[in-house]
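Peer 1: Following this message is one structure expressed as structure tokens.
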Amino acid sequence: MGRIIAVTNQKGGVGKTTTAVNLSACLAQAGKRVLVVDCDPQGNTTSGLGVDKHSITRSIYTLLFGDSYIEETHLETRVPGLTLIPANINLAGAEIELVGHPNREYVLKKVLRNCNNLYDFILMDCPPSLNILTINALTAADTVLVPIQCEYYALEGLTQLLYTIGLVKGSTNPFLELEGAVFTMFDPRTNLSSQVVDEVKQHLGDSVYKSIIPRNVRLSEAPSHGLPITLYDAKSKGAISYEMLADEVIHWGI
């Protein structure tokens, strides 16, 4: 059985999609079988892996509502071993359509249950909000990985997310665990970045990954080419940092 990881933070702009794309690619390049599920209507993980989100006809949306099978929905990416279930703006309608759905919090879990044994890791890129799609991802997940931007309001957003995880544990997924937090957009030239790291470590203790993702121009450029950072610039600091994070994720809990 593969480990299902929800990559989420209720705050936007924290490097969530960047982490989902590049961590999944690095896990695949480390020899793991990886599925990344784009659960965000913006479809940035989809385009970040080189798929035209405007041209797809089968997606996580059609999969959730039984209009496609997983075998005809997932797409192979340019990274050997990395498979994608794409998303586009159609997914925005799921918020309304799931309201009257029986067991609406468990729809994604049911979908992933049919393919969990095919992968070592399943990563879900969640929307930057607490909506029914995020709740579905947290209900389906084994663990939660939280990207935290090294900026002033980081701890406030983390507190809100931990509260949400607690609510999910008490209702739809009692086995949900915190995979860990990973710092993103770290700038060693500023005191603020170091202060945020120290504060979060005091708050979370051992639930913080040692790997820190720096501010890196090459990381910012890679999505416009539809490539993960390891294919765009394998020698960049961003690529090396995500490779280190992947190694930590592989050995999590060991």
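Simple scheme: letters A, B, ... for chains in structure tokens order, numbers from 1 for residues in each chain, numbers from 1 for ligands in the order shown.
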Pick out each residue of range 108-166 of chain A that DSSP on the backbone tags as strand (DSSP E); I need them as a PyMOL selection string.

Peer 2: chain A and resi 121-125+143-149

Peer 1: Taking 5 positions as the minimum chain separation for residues in the same chain, which residues sit within 9 Å of Ala87 in chain A when counting only C-alpha atoms? Answer as an mmCIF file with N, CA and C atoms, in the first residue's frame.

Peer 2:
data_model
loop_
_atom_site.group_PDB
_atom_site.id
_atom_site.type_symbol
_atom_site.label_atom_id
_atom_site.label_comp_id
_atom_site.auth_asym_id
_atom_site.auth_seq_id
_atom_site.Cartn_x
_atom_site.Cartn_y
_atom_site.Cartn_z
ATOM 1 N N VAL A 37 -1.953 13.934 -7.746
ATOM 2 C CA VAL A 37 -3.348 14.246 -8.041
ATOM 3 C C VAL A 37 -3.547 15.746 -7.876
ATOM 4 N N ASP A 38 -3.936 16.404 -8.952
ATOM 5 C CA ASP A 38 -4.180 17.843 -8.905
ATOM 6 C C ASP A 38 -5.610 18.065 -8.411
ATOM 7 N N CYS A 39 -5.758 18.532 -7.178
ATOM 8 C CA CYS A 39 -7.075 18.760 -6.574
ATOM 9 C C CYS A 39 -7.444 20.241 -6.552
ATOM 10 N N ASP A 40 -6.702 21.054 -7.277
ATOM 11 C CA ASP A 40 -6.925 22.502 -7.288
ATOM 12 C C ASP A 40 -7.501 22.911 -8.642
ATOM 13 N N PRO A 41 -8.671 23.577 -8.659
ATOM 14 C CA PRO A 41 -9.273 24.002 -9.932
ATOM 15 C C PRO A 41 -8.368 24.884 -10.790
ATOM 16 N N GLN A 42 -7.374 25.513 -10.178
ATOM 17 C CA GLN A 42 -6.443 26.335 -10.959
ATOM 18 C C GLN A 42 -5.585 25.481 -11.889
ATOM 19 N N GLY A 43 -5.415 24.215 -11.548
ATOM 20 C CA GLY A 43 -4.694 23.280 -12.419
ATOM 21 C C GLY A 43 -3.222 23.595 -12.582
ATOM 22 N N ASN A 44 -2.597 24.206 -11.582
ATOM 23 C CA ASN A 44 -1.192 24.600 -11.738
ATOM 24 C C ASN A 44 -0.234 23.415 -11.694
ATOM 25 N N THR A 45 -0.578 22.388 -10.919
ATOM 26 C CA THR A 45 0.258 21.183 -10.937
ATOM 27 C C THR A 45 0.204 20.523 -12.304
ATOM 28 N N THR A 46 -0.974 20.546 -12.906
ATOM 29 C CA THR A 46 -1.145 19.975 -14.247
ATOM 30 C C THR A 46 -0.258 20.684 -15.260
ATOM 31 N N LYS A 53 -3.892 22.079 -19.593
ATOM 32 C CA LYS A 53 -5.113 21.853 -18.817
ATOM 33 C C LYS A 53 -6.372 22.261 -19.577
ATOM 34 N N ILE A 56 -7.601 18.957 -21.904
ATOM 35 C CA ILE A 56 -7.949 17.646 -21.350
ATOM 36 C C ILE A 56 -9.474 17.486 -21.260
ATOM 37 N N ARG A 58 -10.686 14.396 -19.709
ATOM 38 C CA ARG A 58 -10.843 13.578 -18.507
ATOM 39 C C ARG A 58 -9.903 14.109 -17.434
ATOM 40 N N SER A 59 -10.418 14.233 -16.236
ATOM 41 C CA SER A 59 -9.656 14.880 -15.165
ATOM 42 C C SER A 59 -10.141 14.359 -13.822
ATOM 43 N N ILE A 60 -9.602 14.914 -12.752
ATOM 44 C CA ILE A 60 -10.062 14.545 -11.409
ATOM 45 C C ILE A 60 -11.557 14.836 -11.261
ATOM 46 N N TYR A 61 -12.041 15.841 -11.974
ATOM 47 C CA TYR A 61 -13.469 16.177 -11.917
ATOM 48 C C TYR A 61 -14.329 15.037 -12.480
#

Peer 1: Taking into account only C-alpha atoms, which residue in the set A:Leu82, A:Met1, A:Val14, A:Leu155 is nearest to Ala30 in chain A?

Peer 2: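 Closest to Ala30 in chain A, using only C-alpha atoms: A:Leu82.
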
Peer 1: Excluding same-chain residues fewer than 6 positions from Lys16 in chain A, what lies within 7 Å of it counting only C-alpha atoms, as JSON, numbers by chain?

Peer 2: {"A": [7, 8, 147]}

Peer 1: Report as a PyMOL selection string: the residues of range 45-111 of chain A with a DSSP assignment of alpha helix (DSSP H), based on the backbone of this structure.

Peer 2: chain A and resi 45-48+60-64+70-73+94-97+107-111

Peer 1: Rank nothing, just name the residue among A:Ser224, A:Ser207, A:Asn117, A:Asn136 nearest to Val51 in chain A, using only C-alpha atoms.

Peer 2: A:Ser224

Peer 1: Produce a table with one row for each residue of range 85-182 of chain A that has an atom at most 9 Å from any atom of range 19-24 of chain A, each row naming the nearest atom pair and its distance in Å at one decimal; use only C-alpha atoms; arrange rows by chain and rising residue number; format as a tab-separated table.

Peer 2:
residue	atom	partner	partner_atom	distance
A:Phe121	CA	A:Ser24	CA	8.2
A:Ile122	CA	A:Ser24	CA	8.4
A:Leu123	CA	A:Ala20	CA	6.8
A:Met124	CA	A:Ala20	CA	7.3
A:Asp125	CA	A:Ala20	CA	5.9
A:Pro147	CA	A:Thr19	CA	7.3

Peer 1: The selected residues should be written to file as an mmCIF file, in the first residue's frame (atoms: C-alpha atoms).

Peer 2:
data_model
loop_
_atom_site.group_PDB
_atom_site.id
_atom_site.type_symbol
_atom_site.label_atom_id
_atom_site.label_comp_id
_atom_site.auth_asym_id
_atom_site.auth_seq_id
_atom_site.Cartn_x
_atom_site.Cartn_y
_atom_site.Cartn_z
ATOM 1 C CA PHE A 121 3.417 7.490 -3.012
ATOM 2 C CA ILE A 122 0.284 9.412 -3.920
ATOM 3 C CA LEU A 123 0.600 13.184 -3.515
ATOM 4 C CA MET A 124 -2.433 15.465 -3.632
ATOM 5 C CA ASP A 125 -2.045 19.182 -4.352
ATOM 6 C CA PRO A 147 4.773 23.956 3.004
#
